[in-house]
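Right, one structure below, let's go through it.
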Amino acid sequence: MALFVAIATFGSSFLAIPAGVAKAYPVQHAVNVIAGVLLGPGPAVIIAFVTGLLRNVLGTGSLLAFPGGMIGAFAAGWLYHKTNRTWSASVGEMIGSGMMAPLFAVPYAKLFMGTTAGFFFFLPSFFVSSLIGAVIGFVLVQRLYKLKVWKASIN
């Protein structure tokens with residue numbers, strides 16, 4: 001888990017893509033997919049939380065890293081473990097971080113950040129970030145499977 005936190009924290013400081021109102025940090029989403037498949041939803045959420053905490057302490061993230069990362073990590077791990085299909089972790093990441101997290105970001109941002117932005121304000125940047133990261137995570141999971149790092153269904 002510490003290795004995933006290090007990869008997500010370090011990678012997010014180097015790979016950021018402007019996406020609407022925020023920056024897309026696809027490394028966090030890729031780590032969510034891989035951790036969800038390898039470790040499950042609980043550890044994936046812990047990894048996302050610790051990564052968000054470190055990024056905020058280091059000044060490379062925002063408070064939106066918490067709902068964006070943690071919801072996607074849970075959805076990726078949960079959906080993979082329900083279907084046993086690696087592609088479902090990527091779909092879970094896109095649904096969790098890309099579509100559900102903006103719903104949670106609205107009251108969260110109002111309470112902790114003082115903004116009154118609505119769902120459609122957050123949706124484009126959250127979705128772009130999670131889409132890019134989910135694709136990267138899916139490709140990496142496929143490569144790890146081919147290297148026989150673990151046995152999983154790749155259907």
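Residues in the structure tokens are numbered from 1 in each chain, the chains being A, B, ... in the order shown, and ligands are numbered from 1 in the order shown.
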
For stretch 73-139 of chain A against stretch 32-54 of chain A, with a cut-off of 12 Å and counting only C-alpha atoms, what is the closest atom pair and its distance in Å to one decimal for every residue that makes the cut, ordered by chain and number, as a tab-separated table?
residue	atom	partner	partner_atom	distance
A:Ala73	CA	A:Asn32	CA	4.7
A:Phe74	CA	A:Pro41	CA	4.6
A:Ala75	CA	A:Pro41	CA	7.1
A:Ala76	CA	A:Gly36	CA	5.4
A:Gly77	CA	A:Gly36	CA	3.6
A:Trp78	CA	A:Pro41	CA	5.4
A:Leu79	CA	A:Gly36	CA	8.7
A:Tyr80	CA	A:Val37	CA	6.1
A:His81	CA	A:Gly40	CA	7.0
A:Lys82	CA	A:Gly40	CA	10.5
A:Thr83	CA	A:Val37	CA	10.9
A:Asn84	CA	A:Val37	CA	8.6
A:Arg85	CA	A:Val37	CA	8.9
A:Thr86	CA	A:Val37	CA	6.8
A:Trp87	CA	A:Val33	CA	9.2
A:Ser88	CA	A:Val33	CA	9.2
A:Ala89	CA	A:Val33	CA	5.5
A:Ser90	CA	A:Val33	CA	5.8
A:Val91	CA	A:Val33	CA	9.1
A:Gly92	CA	A:Val33	CA	8.3
A:Glu93	CA	A:Val33	CA	6.5
A:Met94	CA	A:Val33	CA	9.7
A:Ile95	CA	A:Val33	CA	11.9
A:Gly96	CA	A:Asn32	CA	10.5
A:Ser97	CA	A:Asn32	CA	9.8
A:Ser130	CA	A:Asn32	CA	9.7
A:Leu131	CA	A:Val33	CA	11.1
A:Ile132	CA	A:Val33	CA	11.5
A:Gly133	CA	A:Val33	CA	8.2
A:Ala134	CA	A:Val33	CA	6.4
A:Val135	CA	A:Val33	CA	9.1
A:Ile136	CA	A:Val33	CA	8.9
A:Gly137	CA	A:Val33	CA	5.4
A:Phe138	CA	A:Val33	CA	7.0
A:Val139	CA	A:Ile34	CA	9.8

message: Residues of stretch 8-67 of chain A classed as alpha helix (DSSP H) by DSSP on the backbone are to be reported as a ChimeraX atom specification.
response: /A:8-14,26-38,41-58,65-67

query: Expressed in Å to a single decimal, how great is the separation between atom CA of A:Ser13 and atom CA of A:Leu58?
result: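 Those two atoms sit 9.5 Å apart.
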
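Proximity to A:Asn56 was assessed for A:Val31, A:Thr9, A:Thr115, A:Phe126 counting only C-alpha atoms; the smallest distance is recorded for A:Thr9.
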
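For the pair atom CA of A:Leu123 and atom CA of A:Met1, the separation is 28.5 Å.
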
Nearest-residue call for A:Leu140, choices A:Ile7, A:Leu15, A:Met70, A:Ala30, using only C-alpha atoms: A:Ala30
